[in-house]
file data.tsv (TSV, C-alpha atoms)
chain	number	residue	atom	x	y	z
P	10	MET	CA	55.86	-79.42	11.62
P	11	SER	CA	53.72	-76.54	10.55
P	12	THR	CA	55.41	-73.58	8.99
P	13	LYS	CA	53.88	-70.21	9.55
P	14	ARG	CA	54.41	-67.64	6.80
P	15	LYS	CA	55.76	-64.43	8.18
P	16	ARG	CA	53.30	-61.60	7.53
P	17	SER	CA	54.69	-58.59	5.75
P	18	ILE	CA	54.07	-55.06	6.95
P	19	PHE	CA	51.74	-54.63	3.95
P	20	ASP	CA	49.61	-57.60	5.09
P	21	ILE	CA	49.36	-56.09	8.57
P	22	ILE	CA	48.38	-52.65	7.24
P	23	SER	CA	45.88	-54.18	4.84
P	24	GLU	CA	44.28	-56.25	7.64
P	25	TYR	CA	44.17	-53.18	9.87
P	26	PHE	CA	42.27	-51.18	7.26
P	27	GLU	CA	39.91	-54.07	6.48
P	28	ASP	CA	39.15	-54.38	10.19
P	29	LEU	CA	38.67	-50.62	10.49
P	30	GLN	CA	36.33	-50.59	7.50
P	31	GLU	CA	34.26	-53.44	8.97
P	32	ARG	CA	34.00	-51.68	12.34
P	33	THR	CA	33.00	-48.40	10.65
P	34	GLU	CA	30.33	-50.22	8.64
P	35	ARG	CA	28.94	-51.90	11.79
P	36	PHE	CA	28.93	-48.56	13.63
P	37	ARG	CA	27.18	-46.82	10.73
P	38	GLU	CA	24.53	-49.54	10.54
P	39	ALA	CA	23.99	-49.38	14.32
P	40	LEU	CA	23.45	-45.63	14.06
P	41	ILE	CA	20.91	-45.77	11.28
P	42	GLU	CA	19.12	-48.90	12.51
P	43	LYS	CA	16.03	-47.27	14.00
P	44	PRO	CA	12.34	-47.14	13.12
P	45	SER	CA	11.38	-44.78	10.34
P	46	TRP	CA	8.60	-43.33	12.52
P	47	ASN	CA	8.27	-41.68	15.90
P	48	HIS	CA	5.09	-42.58	17.69
P	49	ARG	CA	5.40	-39.89	20.39
P	50	ALA	CA	6.09	-37.05	17.98
P	51	CYS	CA	3.54	-38.44	15.46
P	52	THR	CA	6.17	-38.16	12.71
P	53	MET	CA	7.39	-40.33	9.87
P	54	GLU	CA	10.90	-40.03	8.50
P	55	PRO	CA	11.08	-39.42	4.74
P	56	LEU	CA	13.76	-40.79	2.42
P	57	ARG	CA	16.39	-38.27	1.37
P	58	ASN	CA	19.49	-37.91	-0.72
P	59	ILE	CA	22.41	-35.46	-0.92
P	60	MET	CA	24.35	-34.46	-4.00
P	61	VAL	CA	27.40	-32.20	-3.93
P	62	THR	CA	28.19	-30.29	-7.12
P	63	PRO	CA	31.07	-27.81	-7.63
P	64	THR	CA	28.72	-24.88	-6.93
P	65	GLU	CA	25.97	-26.17	-4.67
P	66	VAL	CA	24.66	-28.93	-2.46
P	67	ILE	CA	21.30	-30.36	-3.51
P	68	VAL	CA	19.32	-32.20	-0.86
P	69	THR	CA	16.24	-34.02	-2.16
P	70	VAL	CA	13.52	-35.39	0.10
P	71	ASP	CA	10.66	-37.67	-0.93
P	72	LEU	CA	7.55	-36.22	0.72
P	73	PRO	CA	4.49	-38.36	-0.10
P	74	TYR	CA	1.19	-36.89	1.14
P	75	ALA	CA	2.90	-33.57	1.98
P	76	GLU	CA	0.84	-30.38	1.87
P	77	GLU	CA	3.04	-28.11	-0.19
P	78	ASN	CA	2.25	-24.94	1.77
P	79	THR	CA	3.28	-26.55	5.08
P	80	ILE	CA	6.81	-27.53	4.03
P	81	ARG	CA	9.41	-25.92	6.29
P	82	VAL	CA	13.18	-26.18	5.98
P	83	LYS	CA	15.16	-24.74	8.92
P	84	PRO	CA	18.93	-24.57	9.42
P	85	ILE	CA	19.50	-25.80	12.98
P	86	SER	CA	23.28	-25.45	12.95
P	87	ARG	CA	26.03	-24.49	10.52
P	88	ASP	CA	25.85	-27.88	8.83
P	89	THR	CA	22.43	-29.34	9.63
P	90	ILE	CA	18.96	-28.65	8.28
P	91	GLU	CA	15.60	-29.80	9.55
P	92	ILE	CA	12.71	-30.59	7.20
P	93	LEU	CA	9.07	-30.67	8.28
P	94	ALA	CA	5.86	-31.11	6.30
P	95	LYS	CA	2.27	-31.74	7.35
P	96	MET	CA	0.58	-34.63	5.60
P	97	LYS	CA	-2.69	-34.20	3.70
P	98	ARG	CA	-4.31	-36.74	5.99
P	99	LYS	CA	-3.45	-38.56	9.18
P	100	ILE	CA	-1.89	-41.96	8.56
P	101	ARG	CA	-2.54	-44.76	11.02
P	102	PHE	CA	-0.70	-48.04	11.35
P	103	ASP	CA	-3.89	-49.87	10.48
P	104	ASP	CA	-3.92	-48.05	7.11
P	105	PHE	CA	-1.01	-50.39	6.34
P	106	GLY	CA	-2.74	-53.42	7.85
P	107	ILE	CA	-0.56	-53.23	10.99
P	108	THR	CA	-2.56	-53.95	14.12
P	109	HIS	CA	0.18	-54.67	16.69
P	110	TYR	CA	1.19	-51.00	16.94
P	111	GLU	CA	-1.08	-48.09	17.64
P	112	GLY	CA	-0.60	-44.52	16.59
P	113	GLU	CA	-1.17	-41.96	13.95
P	114	PHE	CA	1.15	-39.74	12.02
P	115	GLU	CA	0.54	-36.29	10.65
P	116	THR	CA	4.01	-34.92	9.91
P	117	LEU	CA	7.02	-35.90	7.85
P	118	HIS	CA	10.20	-34.94	9.67
P	119	CYS	CA	13.93	-35.44	9.29
P	120	GLN	CA	17.27	-33.80	9.93
P	121	THR	CA	20.14	-33.89	7.47
P	122	ARG	CA	23.80	-33.00	7.80
P	123	VAL	CA	25.30	-31.14	4.86
P	124	PRO	CA	28.81	-32.51	4.18
P	125	VAL	CA	30.54	-29.30	2.97
P	126	PRO	CA	30.28	-25.63	4.02
P	127	VAL	CA	27.26	-23.84	2.51
P	128	TYR	CA	25.42	-20.52	2.70
P	129	MET	CA	22.36	-21.48	4.69
P	130	ASP	CA	20.84	-18.01	4.21
P	131	LYS	CA	20.89	-18.41	0.41
P	132	MET	CA	18.86	-21.62	0.45
P	133	GLU	CA	16.37	-22.12	-2.41
P	134	LEU	CA	13.49	-24.60	-2.40
P	135	ARG	CA	11.58	-26.33	-5.17
P	136	PHE	CA	8.80	-28.91	-4.84
P	137	LYS	CA	7.86	-31.07	-7.79
P	138	LYS	CA	6.11	-34.45	-8.09
P	139	GLY	CA	6.28	-34.90	-4.32
P	140	ILE	CA	10.04	-34.35	-4.22
P	141	LEU	CA	11.46	-31.39	-2.31
P	142	GLU	CA	14.71	-29.99	-3.67
P	143	ILE	CA	16.83	-27.86	-1.36
P	144	HIS	CA	19.58	-25.93	-3.14
P	145	LEU	CA	22.39	-24.62	-0.95
P	146	PRO	CA	25.20	-22.59	-2.61
P	147	ARG	CA	28.62	-23.83	-1.56
P	148	LYS	CA	30.98	-21.70	0.51
P	149	HIS	CA	34.51	-22.07	-0.82
P	150	GLU	CA	36.38	-21.04	2.30
P	151	TYR	CA	39.90	-21.49	0.93
P	152	GLU	CA	41.62	-22.30	-2.31
P	153	ILE	CA	44.98	-23.98	-2.90
P	154	PRO	CA	46.79	-22.21	-5.74
P	155	ILE	CA	48.47	-24.29	-8.44
P	156	GLU	CA	52.16	-23.41	-8.60
C	11	MET	CA	18.49	-77.01	-7.95
C	12	SER	CA	21.17	-75.85	-5.57
C	13	GLU	CA	21.53	-77.77	-2.28
C	14	GLU	CA	21.49	-74.57	-0.27
C	15	VAL	CA	18.28	-73.17	-1.79
C	16	LYS	CA	15.05	-75.15	-1.85
C	17	ILE	CA	11.83	-74.19	-3.63
C	18	THR	CA	8.76	-75.85	-2.19
C	19	GLU	CA	5.59	-76.01	-4.29
C	20	ARG	CA	2.24	-75.37	-2.65
C	21	LYS	CA	0.14	-76.01	-5.74
C	22	GLU	CA	0.41	-77.78	-9.04
C	23	ILE	CA	2.44	-75.62	-11.40
C	24	SER	CA	1.26	-75.22	-14.96
C	25	ARG	CA	3.81	-75.81	-17.75
C	26	GLY	CA	4.75	-73.34	-20.44
C	27	ALA	CA	3.93	-70.16	-18.48
C	28	VAL	CA	5.79	-66.85	-18.68
C	29	MET	CA	7.97	-66.35	-15.61
C	30	LEU	CA	8.38	-62.83	-14.23
C	31	PHE	CA	10.77	-61.51	-11.59
C	32	GLY	CA	10.18	-58.53	-9.27
C	33	PHE	CA	13.07	-58.02	-6.88
C	34	PRO	CA	13.98	-54.97	-4.77
C	35	ASP	CA	16.20	-52.67	-6.79
C	36	VAL	CA	16.33	-49.01	-7.89
C	37	GLY	CA	12.99	-47.26	-7.35
C	38	LEU	CA	11.54	-50.60	-6.20
C	39	VAL	CA	10.09	-50.72	-9.71
C	40	GLY	CA	10.04	-54.52	-9.94
C	41	VAL	CA	8.46	-55.06	-6.52
C	42	ILE	CA	5.80	-52.39	-7.06
C	43	ALA	CA	4.95	-53.79	-10.51
C	44	ALA	CA	4.86	-57.34	-9.09
C	45	SER	CA	2.60	-56.31	-6.24
C	46	HIS	CA	0.18	-54.67	-8.69
C	47	LEU	CA	0.18	-57.74	-10.94
C	48	ILE	CA	-0.59	-60.03	-7.99
C	49	SER	CA	-3.57	-57.92	-7.04
C	50	GLU	CA	-4.90	-57.23	-10.56
C	51	LEU	CA	-4.46	-60.78	-11.88
C	52	ASN	CA	-5.51	-62.30	-8.56
C	53	LEU	CA	-2.39	-64.49	-8.48
C	54	SER	CA	-2.03	-66.94	-5.62
C	55	GLU	CA	1.09	-68.27	-3.94
C	56	VAL	CA	2.22	-71.42	-5.75
C	57	ALA	CA	5.72	-71.90	-4.32
C	58	TYR	CA	8.15	-70.42	-1.82
C	59	MET	CA	11.87	-70.36	-1.23
C	60	ASP	CA	13.50	-71.90	1.80
C	61	SER	CA	17.19	-71.28	2.37
C	62	ARG	CA	19.68	-70.56	5.10
C	63	LEU	CA	21.11	-67.94	2.79
C	64	LEU	CA	18.07	-65.77	3.42
C	65	PRO	CA	18.05	-63.46	6.44
C	66	PRO	CA	16.41	-64.98	9.54
C	67	LEU	CA	13.01	-63.48	8.88
C	68	ILE	CA	9.52	-64.45	7.89
C	69	VAL	CA	6.75	-62.23	6.56
C	70	LEU	CA	3.47	-62.46	8.44
C	71	HIS	CA	0.27	-62.17	6.42
C	72	GLU	CA	-3.03	-62.62	8.29
C	73	GLY	CA	-1.03	-64.04	11.20
C	74	LEU	CA	0.60	-66.78	9.16
C	75	PRO	CA	4.30	-67.07	8.29
C	76	HIS	CA	5.54	-66.77	4.73
C	77	SER	CA	8.95	-66.84	3.10
C	78	PRO	CA	10.17	-63.42	1.94
C	79	ILE	CA	10.76	-64.91	-1.51
C	80	ARG	CA	7.70	-66.49	-3.09
C	81	VAL	CA	6.33	-67.45	-6.48
C	82	PHE	CA	2.78	-66.39	-7.33
C	83	GLY	CA	0.94	-67.63	-10.36
C	84	ASN	CA	-1.99	-68.77	-12.41
C	85	HIS	CA	-2.21	-70.90	-15.53
C	86	ASP	CA	-0.26	-68.45	-17.72
C	87	VAL	CA	2.02	-66.51	-15.40
C	88	LEU	CA	4.58	-67.33	-12.70
C	89	LEU	CA	5.85	-64.36	-10.73
C	90	ALA	CA	8.86	-64.59	-8.39
C	91	VAL	CA	8.91	-61.73	-5.91
C	92	SER	CA	11.00	-60.81	-2.91
C	93	GLU	CA	9.61	-58.77	-0.03
C	94	THR	CA	13.05	-58.10	1.39
C	95	ALA	CA	16.27	-56.74	-0.05
C	96	VAL	CA	18.46	-59.61	-1.23
C	97	SER	CA	22.07	-59.32	-0.14
C	98	ALA	CA	24.87	-59.19	-2.68
C	99	ASP	CA	26.47	-62.34	-1.17
C	100	THR	CA	23.43	-64.53	-1.76
C	101	ILE	CA	22.00	-63.22	-4.98
C	102	TYR	CA	23.76	-65.76	-7.26
C	103	PRO	CA	22.44	-68.98	-5.66
C	104	ILE	CA	18.98	-67.42	-5.17
C	105	MET	CA	18.59	-66.36	-8.80
C	106	HIS	CA	20.13	-69.57	-10.14
C	107	ALA	CA	17.73	-71.68	-8.05
C	108	LEU	CA	14.70	-69.72	-9.30
C	109	ILE	CA	15.80	-69.98	-12.92
C	110	ASP	CA	16.54	-73.72	-12.62
C	111	TRP	CA	13.10	-74.20	-11.05
C	112	GLY	CA	11.47	-72.22	-13.89
C	113	ARG	CA	13.32	-74.34	-16.45
C	114	SER	CA	12.00	-77.48	-14.76
C	115	LYS	CA	8.49	-76.08	-15.40
C	116	ASP	CA	9.26	-75.47	-19.09
C	117	VAL	CA	8.60	-71.74	-18.85
C	118	LYS	CA	8.51	-70.25	-22.33
C	119	LYS	CA	10.12	-66.95	-21.42
C	120	MET	CA	11.58	-65.18	-18.39
C	121	ILE	CA	11.10	-61.46	-17.90
C	122	SER	CA	12.78	-59.44	-15.19
C	123	MET	CA	11.09	-56.18	-14.18
C	124	SER	CA	13.32	-53.44	-12.85
C	125	GLY	CA	14.42	-49.84	-13.16
C	126	ILE	CA	17.23	-47.76	-14.53
C	127	PRO	CA	18.05	-44.60	-12.60
C	128	VAL	CA	17.77	-41.27	-14.34
C	129	GLN	CA	19.11	-37.99	-12.97
C	130	ASP	CA	16.60	-35.21	-12.27
C	131	ARG	CA	13.85	-37.81	-12.47
C	132	GLN	CA	11.25	-35.33	-11.17
C	133	ASP	CA	11.78	-33.23	-14.30
C	134	VAL	CA	11.30	-36.12	-16.74
C	135	LYS	CA	7.88	-35.80	-18.41
C	136	GLN	CA	7.70	-39.14	-20.22
C	137	LEU	CA	9.56	-42.04	-18.67
C	138	LYS	CA	11.22	-44.41	-21.10
C	139	VAL	CA	11.37	-48.18	-20.74
C	140	PHE	CA	14.31	-50.09	-22.15
C	141	ALA	CA	14.84	-53.79	-22.80
C	142	ALA	CA	17.78	-56.13	-23.04
C	143	ALA	CA	17.54	-59.76	-24.08
C	144	SER	CA	19.42	-63.02	-23.59
C	145	ASN	CA	19.79	-63.88	-27.30
C	146	PRO	CA	19.56	-62.13	-30.70
C	147	GLU	CA	16.21	-63.75	-31.64
C	148	ILE	CA	14.37	-62.54	-28.58
C	149	LEU	CA	16.06	-59.15	-28.85
C	150	LYS	CA	14.69	-58.83	-32.39
C	151	ALA	CA	11.23	-59.91	-31.20
C	152	VAL	CA	11.33	-57.22	-28.50
C	153	LYS	CA	12.43	-54.56	-31.03
C	154	ASP	CA	9.67	-55.62	-33.42
C	155	LYS	CA	7.13	-54.96	-30.66
C	156	GLY	CA	8.38	-51.37	-30.46
C	157	VAL	CA	10.28	-51.59	-27.17
C	158	GLN	CA	13.49	-49.54	-27.03
C	159	VAL	CA	16.67	-51.54	-26.61
C	160	LEU	CA	19.34	-50.71	-24.05
C	161	LYS	CA	22.28	-50.98	-26.41
C	162	GLU	CA	25.33	-50.30	-24.24
C	163	GLY	CA	25.82	-50.04	-20.52
C	164	TYR	CA	26.20	-51.93	-17.29
C	165	MET	CA	23.51	-53.89	-15.50
C	166	VAL	CA	23.93	-54.65	-11.80
C	167	GLY	CA	21.73	-56.76	-9.53
C	168	PRO	CA	19.30	-59.68	-9.79
C	169	GLN	CA	18.42	-58.95	-13.43
C	170	ALA	CA	22.12	-59.04	-14.40
C	171	ILE	CA	22.45	-62.54	-12.98
C	172	MET	CA	19.20	-63.61	-14.61
C	173	MET	CA	20.35	-62.43	-18.03
C	174	GLN	CA	23.75	-64.03	-17.71
C	175	TYR	CA	22.39	-67.39	-16.49
C	176	CYS	CA	19.54	-67.48	-19.04
C	177	ALA	CA	21.99	-66.74	-21.87
C	178	LYS	CA	24.20	-69.58	-20.64
C	179	THR	CA	21.35	-72.07	-20.26
C	180	ASP	CA	19.60	-70.99	-23.46
C	181	VAL	CA	16.41	-69.72	-21.84
C	182	PRO	CA	14.73	-66.83	-23.71
C	183	ALA	CA	14.86	-63.92	-21.30
C	184	VAL	CA	14.18	-60.20	-21.33
C	185	THR	CA	14.89	-57.50	-18.78
C	186	LEU	CA	12.63	-54.47	-18.81
C	187	LEU	CA	14.08	-51.36	-17.20
C	188	ALA	CA	11.92	-48.29	-16.58
C	189	GLN	CA	13.57	-44.94	-15.98
C	190	CYS	CA	13.11	-44.17	-12.30
C	191	PHE	CA	14.43	-42.54	-9.12
C	192	PHE	CA	17.57	-44.20	-7.83
C	193	ASN	CA	16.55	-44.38	-4.20
C	194	TYR	CA	12.90	-43.35	-3.92
C	195	PRO	CA	10.03	-45.79	-4.57
C	196	ASP	CA	8.66	-45.00	-8.03
C	197	PRO	CA	5.10	-46.24	-8.74
C	198	GLU	CA	4.89	-44.15	-11.91
C	199	ALA	CA	7.91	-46.00	-13.33
C	200	ALA	CA	6.29	-49.33	-12.39
C	201	ALA	CA	3.16	-48.27	-14.31
C	202	GLU	CA	5.22	-47.44	-17.41
C	203	LEU	CA	6.99	-50.78	-17.16
C	204	LEU	CA	3.68	-52.66	-17.00
C	205	LYS	CA	2.51	-50.88	-20.15
C	206	GLU	CA	5.60	-52.12	-22.01
C	207	LEU	CA	5.24	-55.59	-20.50
C	208	SER	CA	1.88	-55.91	-22.24
C	209	LYS	CA	3.68	-55.52	-25.58
C	210	ILE	CA	6.07	-58.45	-25.08
C	211	ALA	CA	3.89	-60.80	-23.02
C	212	GLU	CA	0.18	-61.31	-23.09
C	213	ILE	CA	-0.20	-59.73	-19.67
C	214	LYS	CA	-2.41	-56.68	-19.71
C	215	VAL	CA	-3.37	-54.86	-16.53
C	216	ASP	CA	-5.01	-51.54	-15.79
C	217	VAL	CA	-2.44	-49.26	-14.13
C	218	SER	CA	-4.84	-46.51	-13.06
C	219	LYS	CA	-5.18	-47.88	-9.50
C	220	LEU	CA	-1.40	-48.10	-9.21
C	221	LEU	CA	-1.09	-44.42	-10.14
C	222	GLU	CA	-3.94	-43.42	-7.81
C	223	LYS	CA	-2.24	-45.19	-4.90
C	224	GLY	CA	1.17	-43.70	-5.75
C	225	GLU	CA	1.57	-41.62	-2.58
C	226	GLU	CA	0.46	-44.45	-0.32
C	227	ILE	CA	2.95	-46.80	-2.00
C	228	ARG	CA	5.77	-44.27	-1.62
C	229	LEU	CA	5.04	-43.88	2.09
C	230	ARG	CA	4.62	-47.60	2.69
C	231	ALA	CA	7.74	-48.62	0.75
C	232	ARG	CA	10.21	-46.34	2.59
C	233	ASP	CA	11.64	-49.06	4.82
C	234	VAL	CA	12.13	-51.62	2.02
C	235	MET	CA	13.72	-48.86	-0.07
C	236	ARG	CA	16.08	-47.91	2.78
C	237	ARG	CA	17.28	-51.50	3.19
C	238	THR	CA	17.52	-51.96	-0.56
C	239	GLN	CA	19.73	-48.85	-0.76
C	240	ARG	CA	22.24	-50.50	1.57
C	241	GLU	CA	22.36	-53.67	-0.51
C	242	MET	CA	22.61	-51.67	-3.73
C	243	SER	CA	25.58	-49.83	-2.32
C	244	LYS	CA	27.31	-53.15	-1.51
C	245	MET	CA	26.59	-54.33	-5.08
C	246	LYS	CA	28.14	-51.14	-6.53
C	247	LYS	CA	24.82	-50.34	-8.17
C	248	THR	CA	25.97	-46.86	-9.18
C	249	GLN	CA	28.11	-48.60	-11.81
C	250	GLU	CA	24.96	-48.47	-13.97
C	251	TYR	CA	25.70	-44.75	-14.39
C	252	ASP	CA	29.17	-45.56	-15.77
C	253	ILE	CA	30.10	-45.10	-19.40
C	254	PRO	CA	31.28	-48.50	-20.63
C	255	MET	CA	34.63	-48.93	-22.31
C	256	TYR	CA	33.91	-50.60	-25.63
C	257	VAL	CA	35.67	-53.97	-25.98
C	258	SER	CA	34.61	-55.87	-29.09

call {"tool": "encode", "arguments": {"input": "data.tsv", "output": "structure tokens"}}
result
Amino acid sequence: MSTKRKRSIFDIISEYFEDLQERTERFREALIEKPSWNHRACTMEPLRNIMVTPTEVIVTVDLPYAEENTIRVKPISRDTIEILAKMKRKIRFDDFGITHYEGEFETLHCQTRVPVPVYMDKMELRFKKGILEIHLPRKHEYEIPIE
Amino acid sequence: MSEEVKITERKEISRGAVMLFGFPDVGLVGVIAASHLISELNLSEVAYMDSRLLPPLIVLHEGLPHSPIRVFGNHDVLLAVSETAVSADTIYPIMHALIDWGRSKDVKKMISMSGIPVQDRQDVKQLKVFAAASNPEILKAVKDKGVQVLKEGYMVGPQAIMMQYCAKTDVPAVTLLAQCFFNYPDPEAAAELLKELSKIAEIKVDVSKLLEKGEEIRLRARDVMRRTQREMSKMKKTQEYDIPMYVS
């Protein structure tokens, strides 16, 4: 006769969280699983990274081929910025040896959500070695006093 | 060789070569360096990996299917390279199989090419390249050639497994790590790594074309970098930033 070990409440909670984590991971992957280019808009999506420090949020964006004087960073909501840059030359799929897609790209474009409140109007930009740095001072909306 | 990973040879493999590894990792330094070596040394495909542990994909070149993990080579060099991010779950059997295969070909040395992330990389004027070795003799040989040694720290990813397995099986091995961006392709770091490689192996290549094509490489490598980022996150790659607790 098989004996089934009774699961403790801790096992059940642990399984629940493991399951939740797996679902979240699958959902996240489904959301980001898309081409890194948009044929209709003639845009390519650059790689980016976000770092939160105690005083500011630093968003960096890798902008190969970007014309420095065409870089535009626009806040499009309280927590989202849009980055656009024209490329020095049009890039075609066949520049990469790809012949089964057609199209050309002339702009790098992406949108990024900023994870904590910031002052969008105090944004500072810096472009060095093809990397755009966007500095956004943090807004500390409330503080919990230590008793 | 492991049952679950098979390496099929396409050509006769020369004995006593130096075996290099270029796998997707921080800054894609290893893959970019490998790609440049293949083109500059005119290396041809000599073997490929076949395994159900690999994702269900092939790489098409000139309309013909290829494994994402292949070995290129000539008489003096064997170069194992992956064109896709290798998942954390499969990295052990994949690296072990490649090292066992290299041992069966009596390779004289194994060298892994990779990167080490540095903060504010865009502000770094001169990138450094560090080395770690599988035994004290080869470490001394590397130092004597003027390559800086990575004395303390963590190493995560394919090169960590290579070092561990080579130390265990007594294969002389070196890992070269060029300072680089964590999650942006870094051709400049790959160029610095290749300069240091010439000091410890008789492999000299001109890196000027690699630097000229830097922007094209960065644009082209975005998708591989994006997928590599996900695997690096699963491997807890950021542990390389950690300060180790000294245990003697």

call {"tool": "interface_residues", "arguments": {"input": "data.tsv", "of": "chain P", "to": "chain C", "cutoff": "9 Å", "atoms": "all atoms listed in the file", "output": "ChimeraX atom specification"}}
result
/P:44-45,53-58,70-74,105,137-140

call {"tool": "write_last_selection", "arguments": {"input": "data.tsv", "atoms": "C-alpha atoms", "output": "PDB file, keeping the file's coordinate frame"}}
result
ATOM      1  CA  PRO P  44      12.340 -47.140  13.120  1.00  0.00           C
ATOM      2  CA  SER P  45      11.380 -44.780  10.340  1.00  0.00           C
ATOM      3  CA  MET P  53       7.390 -40.330   9.870  1.00  0.00           C
ATOM      4  CA  GLU P  54      10.900 -40.030   8.500  1.00  0.00           C
ATOM      5  CA  PRO P  55      11.080 -39.420   4.740  1.00  0.00           C
ATOM      6  CA  LEU P  56      13.760 -40.790   2.420  1.00  0.00           C
ATOM      7  CA  ARG P  57      16.390 -38.270   1.370  1.00  0.00           C
ATOM      8  CA  ASN P  58      19.490 -37.910  -0.720  1.00  0.00           C
ATOM      9  CA  VAL P  70      13.520 -35.390   0.100  1.00  0.00           C
ATOM     10  CA  ASP P  71      10.660 -37.670  -0.930  1.00  0.00           C
ATOM     11  CA  LEU P  72       7.550 -36.220   0.720  1.00  0.00           C
ATOM     12  CA  PRO P  73       4.490 -38.360  -0.100  1.00  0.00           C
ATOM     13  CA  TYR P  74       1.190 -36.890   1.140  1.00  0.00           C
ATOM     14  CA  PHE P 105      -1.010 -50.390   6.340  1.00  0.00           C
ATOM     15  CA  LYS P 137       7.860 -31.070  -7.790  1.00  0.00           C
ATOM     16  CA  LYS P 138       6.110 -34.450  -8.090  1.00  0.00           C
ATOM     17  CA  GLY P 139       6.280 -34.900  -4.320  1.00  0.00           C
ATOM     18  CA  ILE P 140      10.040 -34.350  -4.220  1.00  0.00           C
TER      19      ILE P 140
END

call {"tool": "residues_around", "arguments": {"input": "data.tsv", "residues": "region 88-94 of chain P", "least_positions_apart": "3", "cutoff": "6 Å", "atoms": "all atoms listed in the file", "output": "PyMOL selection string"}}
result
chain P and resi 75+79-85+116-123

call {"tool": "axis_aligned_box", "arguments": {"input": "data.tsv", "around": "region 159-170 of chain C", "padding_each_side": "5 Å", "output": "AutoDock Vina command-line options"}}
result
--center_x 21.4 --center_y -54.9 --center_z -18.1 --size_x 19.5 --size_y 19.6 --size_z 27.1

call {"tool": "residues_near_point", "arguments": {"input": "data.tsv", "point": "(-0.1, -47.9, 12.6)", "cutoff": "10 Å", "atoms": "all atoms listed in the file", "output": "compact mmCIF listing (two decimals) with C-alpha atoms, keeping the file's coordinate frame"}}
result
# COMPACT_ATOMS: atom_id res chain seq x y z
CA TRP P 46 8.60 -43.33 12.52
CA HIS P 48 5.09 -42.58 17.69
CA ILE P 100 -1.89 -41.96 8.56
CA ARG P 101 -2.54 -44.76 11.02
CA PHE P 102 -0.70 -48.04 11.35
CA ASP P 103 -3.89 -49.87 10.48
CA ASP P 104 -3.92 -48.05 7.11
CA PHE P 105 -1.01 -50.39 6.34
CA GLY P 106 -2.74 -53.42 7.85
CA ILE P 107 -0.56 -53.23 10.99
CA THR P 108 -2.56 -53.95 14.12
CA HIS P 109 0.18 -54.67 16.69
CA TYR P 110 1.19 -51.00 16.94
CA GLU P 111 -1.08 -48.09 17.64
CA GLY P 112 -0.60 -44.52 16.59
CA GLU P 113 -1.17 -41.96 13.95
CA PHE P 114 1.15 -39.74 12.02

call {"tool": "atom_distance", "arguments": {"input": "data.tsv", "atom1": "CA of Ala27 (chain C)", "atom2": "CA of Leu88 (chain C)"}}
result
6.5 Å

call {"tool": "atom_distance", "arguments": {"input": "data.tsv", "atom1": "CA of Ala141 (chain C)", "atom2": "CA of Ser97 (chain C)"}}
result
24.4 Å

call {"tool": "atom_distance", "arguments": {"input": "data.tsv", "atom1": "CA of Leu207 (chain C)", "atom2": "CA of Leu64 (chain C)"}}
result
29.0 Å

call {"tool": "closest_residue", "arguments": {"input": "data.tsv", "among": "C:Gln239, C:Ser49, C:Gln169, C:Gln249", "to": "Ile104 (chain C)", "atoms": "all atoms listed in the file"}}
result
C:Gln169

call {"tool": "residues_around", "arguments": {"input": "data.tsv", "residues": "Glu206 (chain C)", "least_positions_apart": "4", "cutoff": "9 Å", "atoms": "all atoms listed in the file", "output": "list in words"}}
result
Val139, Phe140, Gly156, Val157, Leu186, Ala201, Glu202, Ile210 and Ala211 of chain C

call {"tool": "closest_residue", "arguments": {"input": "data.tsv", "among": "C:Ala57, C:Leu51, C:Glu14, C:Glu241", "to": "Asp99 (chain C)", "atoms": "only C-alpha atoms"}}
result
C:Glu241

call {"tool": "closest_atom_pairs", "arguments": {"input": "data.tsv", "of": "region 69-141 of chain C", "to": "region 213-223 of chain C", "cutoff": "12 Å", "atoms": "only C-alpha atoms", "output": "JSON lines"}}
result
{"residue": "C:Asn84", "atom": "CA", "partner": "C:Ile213", "partner_atom": "CA", "distance": 11.7}
{"residue": "C:Asp86", "atom": "CA", "partner": "C:Ile213", "partner_atom": "CA", "distance": 8.9}
{"residue": "C:Val87", "atom": "CA", "partner": "C:Ile213", "partner_atom": "CA", "distance": 8.3}
{"residue": "C:Leu88", "atom": "CA", "partner": "C:Ile213", "partner_atom": "CA", "distance": 11.4}
{"residue": "C:Leu89", "atom": "CA", "partner": "C:Ile213", "partner_atom": "CA", "distance": 11.7}
{"residue": "C:Ile121", "atom": "CA", "partner": "C:Ile213", "partner_atom": "CA", "distance": 11.6}

call {"tool": "residues_around", "arguments": {"input": "data.tsv", "residues": "Glu150 (chain P)", "least_positions_apart": "5", "cutoff": "12 Å", "atoms": "all atoms listed in the file", "output": "list in words"}}
result
Val125, Pro126, Val127 and Tyr128 of chain P

call {"tool": "write_last_selection", "arguments": {"input": "data.tsv", "atoms": "C-alpha atoms", "output": "short mmCIF file (atom, residue, chain, number, x, y, z; two decimals), in the frame of the given file"}}
result
data_model
loop_
_atom_site.label_atom_id
_atom_site.label_comp_id
_atom_site.auth_asym_id
_atom_site.auth_seq_id
_atom_site.Cartn_x
_atom_site.Cartn_y
_atom_site.Cartn_z
CA VAL P 125 30.54 -29.30 2.97
CA PRO P 126 30.28 -25.63 4.02
CA VAL P 127 27.26 -23.84 2.51
CA TYR P 128 25.42 -20.52 2.70
#
